[in-house]
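Trainee: Right, I'll just put the structure down here and ask away after.
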Amino acid sequence: MATSTPSDVPLQVRQLTTELADAKPMRRGSLSERTIKCSKTGCACAHDPKARHGPYYSLTHAVGGKTRSRFLTGEQADLVRQQIDAGRQFRGRVDALWEASEQWADSQLTDVSASSGEAKKGGSRRVSRRISGGKSKPF
Ligand SMILES: [Zn+2]
């Protein structure tokens, strides 16, 4: 604590870290909603799409390369939707924090190289976005 100088932290970095510290329940994965046909003979669902049963909600999430899913009630699905949303926001902020932090880090490099005259400005480089948590196949 004594070594850090908060006034040196760029505003954007400070804001993002404050926002990230705002913990809330969140999750990755995706919610799906589907209606199904049953196997009862004579049930209207076999022919009429509107007579299908449901909706049934399920949450799918990749864990260690395996896809896990579980069924949810309508109420749970509403909640899960919010949790996934919160997770998406969190991820967006993490990405933004990385960008802001790297710009900050770049400015540090510029400060150092200013004396040697080798300052090379890269402008605002975009961090390539990659959705993590998906399948990663090792060769
Ligand atoms: Zn049916």
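Every chain in the structure tokens takes a letter, A first, then B, and so on in the order presented; its residues are numbered from 1, and the ligands are numbered from 1 following the presented order.
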Once you count only C-alpha atoms and all ligand atoms, what closest atom pair and distance in Å to one decimal does each residue of chain A within 6 Å of ligand 1 have, with rows by chain and rising residue number, as a Markdown table?

Mentor:
| residue | atom | partner | partner_atom_place_in_ligand_line | distance |
| --- | --- | --- | --- | --- |
| A:Lys37 | CA | ligand 1 | 1 (Zn) | 5.3 |
| A:Cys38 | CA | ligand 1 | 1 (Zn) | 4.2 |
| A:Lys40 | CA | ligand 1 | 1 (Zn) | 5.9 |
| A:Cys43 | CA | ligand 1 | 1 (Zn) | 4.5 |
| A:Ala44 | CA | ligand 1 | 1 (Zn) | 5.9 |
| A:Cys45 | CA | ligand 1 | 1 (Zn) | 4.4 |

Trainee: Identify, with DSSP run on backbone atoms, the residues in region 52-108 of chain A assigned to alpha helix (DSSP H), and express the list as a PyMOL selection string.

Mentor: chain A and resi 74-108

Trainee: Looking at only C-alpha atoms, which of A:Glu75, A:Leu16, A:Gly65, A:Ala114 is the one that sits closest to Gln89 (chain A)?

Mentor: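 Closest candidate: A:Leu16.
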
Trainee: Which residue gives the smallest distance to His61 (chain A) among A:Ser32, A:Thr18, A:Ser101, A:Thr110, with only C-alpha atoms counted?

Mentor: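 The closest residue to His61 (chain A) is A:Ser32.
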
Trainee: Could you write out, as a list in words, all the residues of region 3-108 of chain A that DSSP marks as strand (DSSP E or B)?

Mentor: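 Those residues are Ser30, Leu31, Ser32, Glu33, Arg34, Thr35, Ile36, His53, Gly54, Pro55, Tyr56, Tyr57, Ser58, Leu59, Thr60, His61, Ala62, Val63, Lys66, Thr67, Arg68, Ser69, Arg70, Phe71 and Leu72 of chain A.
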
Trainee: Just to be explicit: take each residue in the selection above, keep N, CA and C atoms, and write the result as a short mmCIF file (atom, residue, chain, number, x, y, z; two decimals), in the first residue's frame.

Mentor:
data_model
loop_
_atom_site.label_atom_id
_atom_site.label_comp_id
_atom_site.auth_asym_id
_atom_site.auth_seq_id
_atom_site.Cartn_x
_atom_site.Cartn_y
_atom_site.Cartn_z
N SER A 30 -24.38 -20.55 -21.76
CA SER A 30 -25.51 -19.99 -22.48
C SER A 30 -26.81 -20.68 -22.11
N LEU A 31 -27.83 -19.90 -22.24
CA LEU A 31 -29.16 -20.36 -21.87
C LEU A 31 -29.92 -20.70 -23.14
N SER A 32 -30.56 -21.84 -23.14
CA SER A 32 -31.39 -22.12 -24.30
C SER A 32 -32.79 -22.48 -23.88
N GLU A 33 -33.67 -22.16 -24.77
CA GLU A 33 -35.08 -22.37 -24.50
C GLU A 33 -35.61 -23.22 -25.64
N ARG A 34 -36.26 -24.30 -25.30
CA ARG A 34 -36.82 -25.11 -26.39
C ARG A 34 -38.12 -25.77 -26.01
N THR A 35 -38.85 -26.08 -27.05
CA THR A 35 -40.10 -26.81 -26.85
C THR A 35 -39.88 -28.19 -27.45
N ILE A 36 -40.53 -29.17 -26.90
CA ILE A 36 -40.30 -30.53 -27.39
C ILE A 36 -41.59 -31.28 -27.76
N HIS A 53 -44.49 -29.15 -26.21
CA HIS A 53 -44.41 -28.94 -24.76
C HIS A 53 -43.24 -28.04 -24.37
N GLY A 54 -43.49 -27.32 -23.32
CA GLY A 54 -42.43 -26.44 -22.84
C GLY A 54 -42.94 -25.02 -22.66
N PRO A 55 -42.11 -24.01 -22.68
CA PRO A 55 -40.69 -24.13 -23.00
C PRO A 55 -39.87 -24.74 -21.85
N TYR A 56 -38.82 -25.43 -22.25
CA TYR A 56 -37.87 -25.97 -21.29
C TYR A 56 -36.58 -25.18 -21.43
N TYR A 57 -36.04 -24.84 -20.28
CA TYR A 57 -34.82 -24.04 -20.28
C TYR A 57 -33.65 -24.89 -19.86
N SER A 58 -32.53 -24.68 -20.52
CA SER A 58 -31.33 -25.36 -20.06
C SER A 58 -30.13 -24.44 -20.17
N LEU A 59 -29.24 -24.68 -19.25
CA LEU A 59 -28.01 -23.89 -19.18
C LEU A 59 -26.88 -24.79 -19.66
N THR A 60 -26.11 -24.28 -20.62
CA THR A 60 -24.99 -25.05 -21.13
C THR A 60 -23.70 -24.30 -20.83
N HIS A 61 -22.75 -25.04 -20.38
CA HIS A 61 -21.48 -24.43 -20.01
C HIS A 61 -20.36 -25.43 -20.21
N ALA A 62 -19.29 -24.98 -20.85
CA ALA A 62 -18.15 -25.86 -21.08
C ALA A 62 -17.26 -25.87 -19.85
N VAL A 63 -17.04 -27.06 -19.32
CA VAL A 63 -16.16 -27.20 -18.18
C VAL A 63 -15.06 -28.19 -18.53
N LYS A 66 -15.51 -30.24 -21.61
CA LYS A 66 -16.78 -30.95 -21.72
C LYS A 66 -17.94 -29.98 -21.58
N THR A 67 -18.96 -30.24 -22.32
CA THR A 67 -20.13 -29.38 -22.23
C THR A 67 -21.09 -29.95 -21.20
N ARG A 68 -21.40 -29.13 -20.26
CA ARG A 68 -22.35 -29.55 -19.23
C ARG A 68 -23.63 -28.77 -19.41
N SER A 69 -24.73 -29.45 -19.23
CA SER A 69 -25.96 -28.67 -19.27
C SER A 69 -26.89 -29.14 -18.16
N ARG A 70 -27.72 -28.24 -17.76
CA ARG A 70 -28.70 -28.60 -16.74
C ARG A 70 -29.99 -27.87 -17.00
N PHE A 71 -31.05 -28.49 -16.58
CA PHE A 71 -32.36 -27.90 -16.80
C PHE A 71 -32.70 -26.89 -15.73
N LEU A 72 -33.46 -25.90 -16.16
CA LEU A 72 -33.84 -24.83 -15.25
C LEU A 72 -35.34 -24.59 -15.33
#

Trainee: May I have the residues within 10 Å of Trp98 (chain A) as a VMD selection string, using only C-alpha atoms and disregarding those fewer than 4 positions away in the same chain?

Mentor: chain A and resid 13 16 92 to 94 102 to 104 127

Trainee: So how many Å separate CA of Asp22 (chain A) and CA of Ala77 (chain A), to one decimal?

Mentor: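 Answer for the CA of Asp22 (chain A) to CA of Ala77 (chain A) separation: 23.0 Å.
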
Trainee: Would you please work out which residue, of A:Asp78, A:Ala105, A:Ala86, A:Ala21, is nearest to Asp8 (chain A) when using only C-alpha atoms?

Mentor: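 Looking at the shortest contact to Asp8 (chain A), the residue is A:Ala105.
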